[in-house]
Each structure stands twice: as structure tokens, then as C-alpha cells.
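S.K.: PDB, C-alpha atoms, saved as my_file.pdb, coming up:
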MODEL        1
ATOM      1  CA  MET A   1       7.814 -42.742  38.555
ATOM      2  CA  ARG A   2       9.146 -45.595  36.445
ATOM      3  CA  PRO A   3      12.704 -44.933  35.276
ATOM      4  CA  ASP A   4      11.892 -45.333  31.583
ATOM      5  CA  LEU A   5       9.040 -42.821  31.899
ATOM      6  CA  LEU A   6      11.346 -40.422  33.717
ATOM      7  CA  ILE A   7      13.921 -40.641  30.923
ATOM      8  CA  LEU A   8      11.191 -40.120  28.337
ATOM      9  CA  THR A   9       9.915 -37.059  30.210
ATOM     10  CA  ILE A  10      13.379 -35.531  30.455
ATOM     11  CA  PHE A  11      13.942 -36.264  26.783
ATOM     12  CA  LEU A  12      10.672 -34.554  25.789
ATOM     13  CA  VAL A  13      11.354 -31.524  27.989
ATOM     14  CA  VAL A  14      14.842 -31.109  26.517
ATOM     15  CA  LEU A  15      13.464 -31.542  23.010
ATOM     16  CA  THR A  16      10.759 -28.966  23.625
ATOM     17  CA  TYR A  17      13.094 -26.312  24.947
ATOM     18  CA  SER A  18      16.113 -26.851  22.719
ATOM     19  CA  PRO A  19      14.961 -24.357  20.028
ATOM     20  CA  VAL A  20      14.817 -21.706  22.749
ATOM     21  CA  ALA A  21      18.371 -22.539  23.761
ATOM     22  CA  LEU A  22      19.507 -22.398  20.130
ATOM     23  CA  ALA A  23      17.811 -19.052  19.628
ATOM     24  CA  SER A  24      19.839 -17.204  22.262
ATOM     25  CA  PRO A  25      23.084 -15.658  21.087
ATOM     26  CA  PRO A  26      26.236 -17.503  22.125
ATOM     27  CA  PRO A  27      27.722 -16.511  25.513
ATOM     28  CA  ASP A  28      30.619 -14.610  23.933
ATOM     29  CA  GLU A  29      28.040 -12.275  22.390
ATOM     30  CA  GLN A  30      26.396 -11.351  25.695
ATOM     31  CA  MET A  31      26.811  -7.733  26.704
ATOM     32  CA  VAL A  32      28.173  -7.017  30.150
ATOM     33  CA  ASP A  33      25.404  -4.571  31.057
ATOM     34  CA  PRO A  34      22.127  -6.552  31.403
ATOM     35  CA  GLY A  35      20.066  -3.503  30.396
ATOM     36  CA  MET A  36      22.115  -3.142  27.226
ATOM     37  CA  GLU A  37      21.732  -6.869  26.550
ATOM     38  CA  ILE A  38      17.921  -6.534  26.698
ATOM     39  CA  ARG A  39      18.035  -3.592  24.286
ATOM     40  CA  ALA A  40      20.410  -5.497  21.998
ATOM     41  CA  ARG A  41      18.050  -8.513  21.922
ATOM     42  CA  GLU A  42      15.144  -6.180  21.107
ATOM     43  CA  LEU A  43      17.108  -4.728  18.196
ATOM     44  CA  TYR A  44      18.176  -8.166  16.948
ATOM     45  CA  ARG A  45      14.501  -9.106  16.683
ATOM     46  CA  ASP A  46      13.794  -5.939  14.677
ATOM     47  CA  LEU A  47      16.522  -6.547  12.109
ATOM     48  CA  ARG A  48      16.331  -8.959   9.232
ATOM     49  CA  CYS A  49      19.175 -11.275   8.376
ATOM     50  CA  VAL A  50      19.917 -10.253   4.788
ATOM     51  CA  VAL A  51      21.181 -13.684   3.733
ATOM     52  CA  CYS A  52      18.482 -15.815   5.352
ATOM     53  CA  GLN A  53      15.797 -13.156   4.822
ATOM     54  CA  SER A  54      12.902 -14.825   6.637
ATOM     55  CA  GLN A  55      14.755 -14.785   9.919
ATOM     56  CA  SER A  56      15.704 -11.933  12.190
ATOM     57  CA  ILE A  57      19.360 -11.656  13.149
ATOM     58  CA  ASP A  58      18.243 -12.802  16.605
ATOM     59  CA  GLU A  59      17.273 -16.211  15.232
ATOM     60  CA  SER A  60      19.885 -16.612  12.536
ATOM     61  CA  ASN A  61      23.229 -18.288  13.029
ATOM     62  CA  ALA A  62      24.589 -17.093   9.682
ATOM     63  CA  ALA A  63      28.006 -15.457   9.841
ATOM     64  CA  LEU A  64      26.625 -12.207   8.432
ATOM     65  CA  ALA A  65      23.920 -12.123  11.131
ATOM     66  CA  ALA A  66      26.653 -12.526  13.762
ATOM     67  CA  ASP A  67      28.489  -9.591  12.175
ATOM     68  CA  MET A  68      25.335  -7.498  12.233
ATOM     69  CA  ARG A  69      24.707  -8.312  15.906
ATOM     70  CA  ASP A  70      28.272  -7.268  16.582
ATOM     71  CA  LYS A  71      27.696  -3.928  14.812
ATOM     72  CA  VAL A  72      24.495  -3.375  16.813
ATOM     73  CA  ARG A  73      26.408  -3.921  20.070
ATOM     74  CA  GLN A  74      29.135  -1.541  18.952
ATOM     75  CA  ARG A  75      26.552   1.182  18.270
ATOM     76  CA  LEU A  76      24.871   0.592  21.638
ATOM     77  CA  LEU A  77      28.228   0.849  23.414
ATOM     78  CA  ALA A  78      28.897   4.052  21.484
ATOM     79  CA  GLY A  79      25.752   5.458  23.127
ATOM     80  CA  ASP A  80      23.212   5.277  20.292
ATOM     81  CA  SER A  81      19.511   5.047  21.107
ATOM     82  CA  ASN A  82      17.555   2.067  19.707
ATOM     83  CA  ALA A  83      16.055   4.273  16.997
ATOM     84  CA  GLU A  84      19.501   5.563  16.039
ATOM     85  CA  VAL A  85      20.853   2.028  15.695
ATOM     86  CA  LEU A  86      17.932   1.020  13.450
ATOM     87  CA  ALA A  87      18.351   4.164  11.319
ATOM     88  CA  TRP A  88      22.064   3.446  11.007
ATOM     89  CA  VAL A  89      21.520  -0.107   9.741
ATOM     90  CA  ARG A  90      18.661   1.005   7.489
ATOM     91  CA  GLU A  91      20.935   3.622   5.918
ATOM     92  CA  ARG A  92      23.148   0.767   4.692
ATOM     93  CA  TYR A  93      20.737  -2.064   3.949
ATOM     94  CA  GLY A  94      17.517  -0.177   3.144
ATOM     95  CA  ASP A  95      13.946  -0.623   4.417
ATOM     96  CA  TYR A  96      14.246  -4.314   3.707
ATOM     97  CA  VAL A  97      16.424  -4.891   6.752
ATOM     98  CA  LEU A  98      13.647  -3.855   9.141
ATOM     99  CA  MET A  99      11.404  -6.730  10.240
ATOM    100  CA  THR A 100       8.501  -4.274  10.639
ATOM    101  CA  PRO A 101       7.983  -2.293   7.427
ATOM    102  CA  PRO A 102       7.932   1.459   8.129
ATOM    103  CA  LEU A 103       4.687   3.354   7.477
ATOM    104  CA  GLN A 104       5.422   5.424   4.371
ATOM    105  CA  ALA A 105       3.981   6.114   0.909
ATOM    106  CA  ASN A 106       4.990   2.786  -0.668
ATOM    107  CA  THR A 107       3.846   0.701   2.313
ATOM    108  CA  LEU A 108       0.600   2.558   2.970
ATOM    109  CA  PHE A 109      -1.492  -0.026   1.128
ATOM    110  CA  LEU A 110       0.214  -2.838   3.023
ATOM    111  CA  TRP A 111      -0.663  -1.242   6.359
ATOM    112  CA  LEU A 112      -4.210  -0.271   5.391
ATOM    113  CA  LEU A 113      -5.154  -3.561   3.702
ATOM    114  CA  PRO A 114      -6.248  -5.364   6.911
ATOM    115  CA  PHE A 115      -8.522  -2.434   7.794
ATOM    116  CA  ILE A 116      -9.913  -2.250   4.252
ATOM    117  CA  ALA A 117     -10.581  -6.008   4.386
ATOM    118  CA  LEU A 118     -12.202  -5.677   7.811
ATOM    119  CA  ILE A 119     -14.484  -2.815   6.766
ATOM    120  CA  GLY A 120     -15.311  -4.436   3.396
ATOM    121  CA  GLY A 121     -16.018  -7.814   5.005
ATOM    122  CA  GLY A 122     -18.081  -6.115   7.719
ATOM    123  CA  ALA A 123     -20.157  -4.287   5.084
ATOM    124  CA  VAL A 124     -20.861  -7.539   3.221
ATOM    125  CA  LEU A 125     -21.809  -9.267   6.475
ATOM    126  CA  VAL A 126     -24.143  -6.444   7.591
ATOM    127  CA  SER A 127     -25.918  -6.328   4.216
ATOM    128  CA  PHE A 128     -26.303 -10.113   4.246
ATOM    129  CA  VAL A 129     -27.763 -10.213   7.747
ATOM    130  CA  ARG A 130     -30.135  -7.325   6.922
ATOM    131  CA  ARG A 131     -31.411  -9.107   3.841
ATOM    132  CA  GLN A 132     -31.986 -12.292   5.841
ATOM    133  CA  ALA A 133     -33.866 -10.334   8.468
ATOM    134  CA  ARG A 134     -35.982  -8.632   5.823
ATOM    135  CA  GLN A 135     -36.910 -11.952   4.218
ATOM    136  CA  ALA A 136     -37.747 -13.511   7.586
ATOM    137  CA  GLY A 137     -40.027 -10.578   8.294
ATOM    138  CA  ILE A 138     -42.240 -11.109   5.225
ATOM    139  CA  ARG A 139     -45.818 -11.875   6.374
ATOM    140  CA  MET A 140     -47.559 -14.900   4.939
ATOM    141  CA  ASP A 141     -50.834 -14.277   3.128
ATOM    142  CA  GLY A 142     -53.897 -16.502   3.375
ATOM    143  CA  GLU A 143     -52.866 -18.753   0.508
ATOM    144  CA  ASP A 144     -49.433 -19.532   2.067
ATOM    145  CA  GLU A 145     -51.127 -20.103   5.435
ATOM    146  CA  ALA A 146     -53.410 -22.746   3.904
ATOM    147  CA  GLU A 147     -50.489 -24.388   2.034
ATOM    148  CA  LEU A 148     -48.455 -24.601   5.240
ATOM    149  CA  ALA A 149     -51.381 -26.165   7.147
ATOM    150  CA  ARG A 150     -51.874 -28.729   4.368
ATOM    151  CA  LEU A 151     -48.165 -29.667   4.331
ATOM    152  CA  ARG A 152     -48.047 -29.986   8.128
ATOM    153  CA  ASP A 153     -51.127 -32.168   8.034
ATOM    154  CA  GLU A 154     -49.503 -34.376   5.424
ATOM    155  CA  GLU A 155     -46.430 -34.847   7.633
ATOM    156  CA  GLY A 156     -48.588 -35.675  10.632
ATOM    157  CA  GLN A 157     -47.634 -32.493  12.470
ATOM    158  CA  SER A 158     -50.189 -30.277  14.056
TER     159      SER A 158
ATOM    160  CA  MET B   1     -26.254  -6.334 -10.027
ATOM    161  CA  ASN B   2     -25.768  -9.220  -7.592
ATOM    162  CA  ARG B   3     -24.684 -11.503 -10.408
ATOM    163  CA  VAL B   4     -21.782  -9.168 -11.131
ATOM    164  CA  PHE B   5     -20.626  -9.452  -7.526
ATOM    165  CA  LEU B   6     -20.450 -13.226  -7.881
ATOM    166  CA  PHE B   7     -17.462 -12.726 -10.175
ATOM    167  CA  LEU B   8     -15.625 -10.612  -7.618
ATOM    168  CA  PRO B   9     -13.693 -13.517  -6.019
ATOM    169  CA  LEU B  10     -12.616 -14.684  -9.483
ATOM    170  CA  ALA B  11     -11.459 -11.163 -10.364
ATOM    171  CA  ILE B  12      -9.480 -10.916  -7.108
ATOM    172  CA  PHE B  13      -7.973 -14.345  -7.798
ATOM    173  CA  ILE B  14      -6.862 -13.308 -11.291
ATOM    174  CA  VAL B  15      -5.308 -10.050 -10.073
ATOM    175  CA  MET B  16      -3.426 -11.866  -7.296
ATOM    176  CA  GLY B  17      -2.420 -14.657  -9.688
ATOM    177  CA  VAL B  18      -0.841 -12.185 -12.093
ATOM    178  CA  TYR B  19       0.875 -10.402  -9.210
ATOM    179  CA  PHE B  20       2.343 -13.609  -7.781
ATOM    180  CA  ALA B  21       3.356 -14.883 -11.218
ATOM    181  CA  LEU B  22       5.364 -11.686 -11.733
ATOM    182  CA  GLY B  23       6.799 -12.064  -8.238
ATOM    183  CA  LEU B  24       8.092 -15.545  -9.092
ATOM    184  CA  ARG B  25      10.267 -14.064 -11.806
ATOM    185  CA  GLU B  26      12.073 -11.832  -9.337
ATOM    186  CA  ASP B  27      15.155 -12.979  -7.515
ATOM    187  CA  PRO B  28      14.300 -12.796  -3.810
ATOM    188  CA  SER B  29      17.957 -12.807  -2.801
ATOM    189  CA  SER B  30      18.708  -9.499  -4.512
ATOM    190  CA  ILE B  31      17.577  -6.617  -2.383
ATOM    191  CA  PRO B  32      17.735  -3.085  -3.784
ATOM    192  CA  SER B  33      21.147  -1.546  -3.223
ATOM    193  CA  ARG B  34      21.433   1.622  -1.180
ATOM    194  CA  MET B  35      24.794   2.460  -2.749
ATOM    195  CA  ILE B  36      23.705   3.517  -6.249
ATOM    196  CA  ASP B  37      24.887   7.071  -7.060
ATOM    197  CA  ARG B  38      26.452   7.407  -3.639
ATOM    198  CA  PRO B  39      30.152   7.907  -3.047
ATOM    199  CA  LEU B  40      32.023   4.965  -1.598
ATOM    200  CA  PRO B  41      32.466   5.296   2.160
ATOM    201  CA  VAL B  42      35.860   6.481   3.337
ATOM    202  CA  PHE B  43      38.043   3.438   3.977
ATOM    203  CA  ASP B  44      41.667   2.481   4.362
ATOM    204  CA  LEU B  45      42.077  -1.293   4.526
ATOM    205  CA  PRO B  46      45.396  -3.008   5.337
ATOM    206  CA  GLY B  47      46.968  -5.480   2.909
ATOM    207  CA  ILE B  48      46.106  -9.171   3.071
ATOM    208  CA  ALA B  49      49.660 -10.242   3.833
ATOM    209  CA  GLU B  50      52.822  -8.862   5.399
ATOM    210  CA  GLY B  51      54.366  -6.256   3.100
ATOM    211  CA  GLU B  52      51.389  -6.185   0.711
ATOM    212  CA  PRO B  53      49.918  -2.738  -0.018
ATOM    213  CA  GLY B  54      46.421  -2.087   1.311
ATOM    214  CA  PHE B  55      43.462  -0.536  -0.429
ATOM    215  CA  SER B  56      41.953   2.891   0.239
ATOM    216  CA  ASN B  57      39.818   5.481  -1.605
ATOM    217  CA  ALA B  58      42.992   7.160  -2.852
ATOM    218  CA  ASP B  59      43.847   4.116  -5.007
ATOM    219  CA  LEU B  60      40.691   4.575  -7.062
ATOM    220  CA  ASP B  61      41.258   8.211  -7.732
ATOM    221  CA  GLY B  62      39.841   9.437 -10.992
ATOM    222  CA  GLN B  63      39.419   6.112 -12.776
ATOM    223  CA  VAL B  64      36.444   3.978 -13.661
ATOM    224  CA  ALA B  65      36.993   0.777 -11.696
ATOM    225  CA  LEU B  66      35.438  -2.387 -10.347
ATOM    226  CA  VAL B  67      35.510  -3.143  -6.633
ATOM    227  CA  ASN B  68      34.956  -6.839  -6.015
ATOM    228  CA  VAL B  69      34.111  -8.279  -2.594
ATOM    229  CA  PHE B  70      35.325 -11.870  -2.260
ATOM    230  CA  GLY B  71      36.580 -14.427   0.233
ATOM    231  CA  SER B  72      38.663 -17.566   0.002
ATOM    232  CA  TRP B  73      35.828 -19.382   1.833
ATOM    233  CA  CYS B  74      33.301 -18.534  -0.876
ATOM    234  CA  PRO B  75      32.625 -21.196  -3.567
ATOM    235  CA  PRO B  76      30.895 -18.820  -6.046
ATOM    236  CA  CYS B  77      34.004 -16.576  -5.895
ATOM    237  CA  GLU B  78      36.001 -19.548  -7.130
ATOM    238  CA  ILE B  79      33.574 -19.820 -10.066
ATOM    239  CA  GLU B  80      33.809 -16.096 -10.772
ATOM    240  CA  HIS B  81      37.590 -15.973 -10.518
ATOM    241  CA  PRO B  82      38.547 -17.015 -14.098
ATOM    242  CA  MET B  83      36.297 -14.256 -15.476
ATOM    243  CA  LEU B  84      38.004 -11.666 -13.274
ATOM    244  CA  MET B  85      41.385 -12.966 -14.447
ATOM    245  CA  GLN B  86      40.256 -12.594 -18.046
ATOM    246  CA  ILE B  87      39.057  -9.000 -17.468
ATOM    247  CA  SER B  88      42.297  -8.223 -15.675
ATOM    248  CA  ARG B  89      44.423  -9.630 -18.524
ATOM    249  CA  SER B  90      42.433  -7.628 -21.074
ATOM    250  CA  GLY B  91      43.368  -4.474 -19.139
ATOM    251  CA  ARG B  92      39.942  -3.027 -19.930
ATOM    252  CA  VAL B  93      39.210  -1.856 -16.383
ATOM    253  CA  PRO B  94      41.170  -2.023 -13.122
ATOM    254  CA  ILE B  95      39.708  -4.385 -10.512
ATOM    255  CA  PHE B  96      40.184  -3.818  -6.806
ATOM    256  CA  GLY B  97      39.510  -6.518  -4.233
ATOM    257  CA  VAL B  98      38.039  -6.524  -0.748
ATOM    258  CA  ASP B  99      38.892  -9.756   1.043
ATOM    259  CA  TRP B 100      35.855 -10.233   3.244
ATOM    260  CA  ARG B 101      35.835 -12.208   6.531
ATOM    261  CA  ASP B 102      38.904 -14.245   5.771
ATOM    262  CA  GLU B 103      41.272 -15.883   8.223
ATOM    263  CA  PRO B 104      44.706 -14.175   8.295
ATOM    264  CA  GLY B 105      46.688 -15.269   5.256
ATOM    265  CA  ALA B 106      43.837 -17.292   3.707
ATOM    266  CA  GLY B 107      43.014 -14.656   1.097
ATOM    267  CA  ALA B 108      46.667 -14.223   0.085
ATOM    268  CA  ALA B 109      47.129 -18.001  -0.214
ATOM    269  CA  TRP B 110      43.965 -18.268  -2.322
ATOM    270  CA  LEU B 111      45.187 -15.552  -4.704
ATOM    271  CA  ALA B 112      48.649 -17.124  -4.901
ATOM    272  CA  ARG B 113      47.001 -20.406  -5.915
ATOM    273  CA  ASN B 114      44.385 -19.055  -8.345
ATOM    274  CA  GLY B 115      46.092 -15.934  -9.680
ATOM    275  CA  ASN B 116      45.563 -12.333  -8.647
ATOM    276  CA  PRO B 117      43.300 -10.191 -10.872
ATOM    277  CA  TYR B 118      43.372  -7.218  -8.469
ATOM    278  CA  GLN B 119      45.372  -3.977  -8.591
ATOM    279  CA  ARG B 120      45.116  -3.756  -4.833
ATOM    280  CA  VAL B 121      43.454  -5.970  -2.236
ATOM    281  CA  GLY B 122      42.260  -4.732   1.131
ATOM    282  CA  ASP B 123      41.689  -6.980   4.112
ATOM    283  CA  ASP B 124      38.262  -6.714   5.777
ATOM    284  CA  PRO B 125      38.291  -9.516   8.376
ATOM    285  CA  GLU B 126      35.518  -8.047  10.565
ATOM    286  CA  GLY B 127      33.341  -7.025   7.617
ATOM    287  CA  ASP B 128      33.450  -3.312   8.526
ATOM    288  CA  LEU B 129      33.651  -2.036   4.940
ATOM    289  CA  ALA B 130      31.296  -4.807   3.755
ATOM    290  CA  PHE B 131      28.724  -3.548   6.252
ATOM    291  CA  GLU B 132      29.120   0.039   5.041
ATOM    292  CA  LEU B 133      28.555  -1.210   1.496
ATOM    293  CA  GLY B 134      25.445  -3.197   2.414
ATOM    294  CA  ILE B 135      26.971  -6.520   1.360
ATOM    295  CA  THR B 136      24.642  -9.513   1.665
ATOM    296  CA  GLY B 137      27.018 -12.192   0.378
ATOM    297  CA  ALA B 138      30.066 -12.773  -1.756
ATOM    298  CA  PRO B 139      30.861 -12.168  -4.511
ATOM    299  CA  GLU B 140      29.450  -8.684  -5.000
ATOM    300  CA  THR B 141      30.874  -6.077  -7.326
ATOM    301  CA  PHE B 142      30.585  -2.310  -7.497
ATOM    302  CA  LEU B 143      31.190  -0.227 -10.590
ATOM    303  CA  ILE B 144      32.818   3.058  -9.570
ATOM    304  CA  ASP B 145      32.862   6.203 -11.719
ATOM    305  CA  ARG B 146      35.613   8.809 -11.989
ATOM    306  CA  GLN B 147      34.177  10.759  -9.043
ATOM    307  CA  GLY B 148      34.359   7.697  -6.807
ATOM    308  CA  ARG B 149      30.608   7.150  -6.810
ATOM    309  CA  VAL B 150      28.977   3.737  -7.081
ATOM    310  CA  ARG B 151      27.061   3.503 -10.346
ATOM    311  CA  PHE B 152      26.182  -0.171 -10.397
ATOM    312  CA  HIS B 153      26.030  -2.935  -7.803
ATOM    313  CA  HIS B 154      26.149  -6.506  -9.038
ATOM    314  CA  VAL B 155      25.160  -9.231  -6.565
ATOM    315  CA  GLY B 156      26.533 -12.637  -7.468
ATOM    316  CA  VAL B 157      28.978 -14.041  -9.963
ATOM    317  CA  ILE B 158      30.200 -11.978 -12.912
ATOM    318  CA  ASP B 159      30.097 -14.283 -15.899
ATOM    319  CA  GLU B 160      30.679 -13.707 -19.595
ATOM    320  CA  THR B 161      27.083 -12.501 -20.086
ATOM    321  CA  VAL B 162      27.101 -10.041 -17.181
ATOM    322  CA  TRP B 163      30.436  -8.670 -18.342
ATOM    323  CA  ARG B 164      29.488  -8.323 -22.021
ATOM    324  CA  ASP B 165      25.868  -7.183 -21.690
ATOM    325  CA  THR B 166      25.913  -5.155 -18.485
ATOM    326  CA  LEU B 167      29.303  -4.114 -17.170
ATOM    327  CA  LEU B 168      31.211  -3.401 -20.371
ATOM    328  CA  PRO B 169      28.539  -1.078 -21.877
ATOM    329  CA  MET B 170      28.295   0.782 -18.561
ATOM    330  CA  ILE B 171      32.070   1.126 -18.329
ATOM    331  CA  GLU B 172      32.188   2.507 -21.887
ATOM    332  CA  ALA B 173      29.466   5.021 -21.020
ATOM    333  CA  LEU B 174      31.220   6.086 -17.804
ATOM    334  CA  GLU B 175      34.569   6.590 -19.496
ATOM    335  CA  VAL B 176      33.193   9.245 -21.843
ATOM    336  CA  GLU B 177      31.095  10.869 -19.134
TER     337      GLU B 177
ENDMDL
END
Show this structure as C-alpha cells.
M.R.:
Amino acid sequence: MRPDLLILTIFLVVLTYSPVALASPPPDEQMVDPGMEIRARELYRDLRCVVCQSQSIDESNAALAADMRDKVRQRLLAGDSNAEVLAWVRERYGDYVLMTPPLQANTLFLWLLPFIALIGGGAVLVSFVRRQARQAGIRMDGEDEAELARLRDEEGQS
Amino acid sequence: MNRVFLFLPLAIFIVMGVYFALGLREDPSSIPSRMIDRPLPVFDLPGIAEGEPGFSNADLDGQVALVNVFGSWCPPCEIEHPMLMQISRSGRVPIFGVDWRDEPGAGAAWLARNGNPYQRVGDDPEGDLAFELGITGAPETFLIDRQGRVRFHHVGVIDETVWRDTLLPMIEALEVE
């Protein structure tokens, strides 16, 4: 491989993977127990960064997100289950802090909307296709038959 | 009948348009506080400098008060500061400070430079109390009633308008409660 192409390739590979590298928490945040670390990362992805809002605390490098990750690790070390950690954070920051909205009275519509849209859209589609099929099935009478033959003749078709 | 259905997309568009237009008026950075009508968590923060008193629940006992979360690193706190000084000078309501995520000594130096509007200031370098309070940024201010419950949570800078139109009327109401 030509050296300039090699450099370009390396450059592109590094560029492609750098967001992944940036997304992992810094080494001083890694938990000693690898199993715990996996659970911690799972929880980070479930929790919203309350200053950046569209990011989870796993992605965010805001100071508050770092604090929240630290609190999550403390709870895990204290022996909390994943659900207990989430409930603990939710107690302080509300439903908003969860990346997945919980299924409850005020989110019912949110959760059901895709299914309502699917069923509604399906109903429209079925009725449309049925109507098309019905129209295609209409038999031609003698007069239409003669008109069609005349038009075909005119176009030189047989 | 079919003609009526033709207007359905328009109707959906109008409903969504109204909904989004209302949504634009809301401030996305203010999330509903979980603290309203709840007692403050139990805390006992150390002082921000050697020999300075700290800040704990006991300091609030029985009075209507403001608890203000700030940091020397926080530009909006700098903007808010003169207003807090003015409230403090008026003696209308005691203000207590929580110095959030500051380097050792930075909060004390900042107060020495800008003036200290607080009765007591507690140091919260790791954000432990801030987390219990559901803080999303500084400055944030809690209005505490005589029973030590949070009655109002203000996110952002307290300016003349917030003080006059929101906080002061609430304080007056709480004092006669």
C-alpha cells in the first residue's frame, strides 16, 4: 500500500472510532469489578443528564453528569440493585431523569400512540385496497366493450 | 362523508401546531421540582473556610428562609449576587448558602471579594446535598417555611422581578401561616 494511502486509512479509522472513545467514561471512573462496571454503564445509559437533557449521563461530559455517575457507583457499591438505583435517582430528579419514560397514567398516550397509529393506518390501507379491488372487479357491459374495441382499433392495437 | 376525511390531515396539523406553539413558550431547562412541600433532607455541611461555621438543618429552625445554591465558578451567580446582597441588607428574610462543587477556599475568596449575603454557608464540594435537592445547575434557590419544608424552588437567577413578584409575596404569606 502506498504510504499516503496508509496514512489516510489510519486517519479515517481513528476519525470513525473517536466518538466511541470519547463516549466511554474516563479511566478513573472505571469500577474495579467488571460485572459492576457493566451494570454501571447500563444505568448511565438509562439516566438523563439534567443539564444537557438530550444526552444520557453515559454520553455527557458535563460536571453534573460526572457527579451523577459517581452517585450511581456509590449506590452499586452499597449493594443496590439496578432498579433500586434508578428509583433512588428518580426520587430526587423525577420521571424526567429516566431516558425511558415509565408506563403510567400520564404517559399512557405516549406509549399507545404508535399502536394507535399502526392500527389506524392499517385500517385506512385495508379499506383503500378493498375499494380498489371492488372497482377492478366491476364487469364491463356491452357498450363499454364496444368503446374499448373502438379505442384499441384507433391506437392500432388488436 | 369522504370529503370530510380529506380535512383530517389539516385538523391534525392544526392540533399539533397549537400544541407545539404552546411548547415553545415553556422553558425546557426547568424540570418540575420534586422538593415542593417536602422537608429538606437532613444535612450538616462544614464551613467553607477554616474556622467558619457550617450549615445544617438546625440553623434554619423555625424561620422562613431562602437557601441559595451557588458556586464561585458560576457566572449567573455573579449576576445574581447584588440582588442577594440587597435582600440581605434589607433584612427581610435570612439567606443561607450552599457552596456547590467549589475548590477548597474558592467560595470563601469569592464571598470575601463580592460580599457575603448569607447567614451561614455550607460547603458541598462533592454535590451530595445538591443531589439530594435535585439541583440541575446554579444558582437555584429554595424557599423554606417554618416547618423546614420546601415551598418554592426557583431555578436560575433571582432578579428584582422574581423577588418582588414571586418570592416576597410568598414569604409574606408563609410568615403569617
S.K.: One number please: atom CA of A:Asp70 to atom CA of B:Arg101, in Å, one decimal.
M.R.: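 Taking atom CA of A:Asp70 and atom CA of B:Arg101, their separation equals 13.5 Å.
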S.K.: Could you work out which residues of chain A fall inside 9 Å of chain B? Count only C-alpha atoms, and format the result as a list in words.
M.R.: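 Listing them in order of chain and number gives Cys49, Val50, Val51, Cys52, Gln53, Leu64, Asp67, Met68, Lys71, Val89, Glu91, Arg92, Tyr93, Gly94 and Tyr96 of chain A.
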S.K.: Atom CA of B:Gly71 and atom CA of A:Ala87, how far apart in Å?
M.R.: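 Separation between atom CA of A:Ala87 and atom CA of B:Gly71: 28.3 Å.
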S.K.: Can you measure atom CA of B:Val93 to atom CA of B:Gly54 for me? One decimal in Å is fine.
M.R.: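 Interatomic distance, atom CA of B:Val93 to atom CA of B:Gly54: 19.1 Å.
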S.K.: Which of these, B:Arg120, B:Pro9, B:Val64, B:Phe152, has the shortest distance to B:Pro46 once you count only C-alpha atoms?
M.R.: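 For B:Pro46, the nearest of the candidates is B:Arg120.
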S.K.: On this structure, which residues satisfy the PyMOL selection byres ((chain B and resi 100) around 7), written as a VMD selection string?
M.R.: chain B and resid 69 to 71 98 to 99 101 to 102 123 to 125 127
S.K.: When you look at stretch 75-86 of chain A with a cut-off of 12 Å (counting all atoms listed in the file), what residues show up, excluding the ones that are within fewer than 4 positions of it in the same chain? I need them as a ChimeraX atom specification.
M.R.: /A:31-33,35-48,68-71,90-100,102
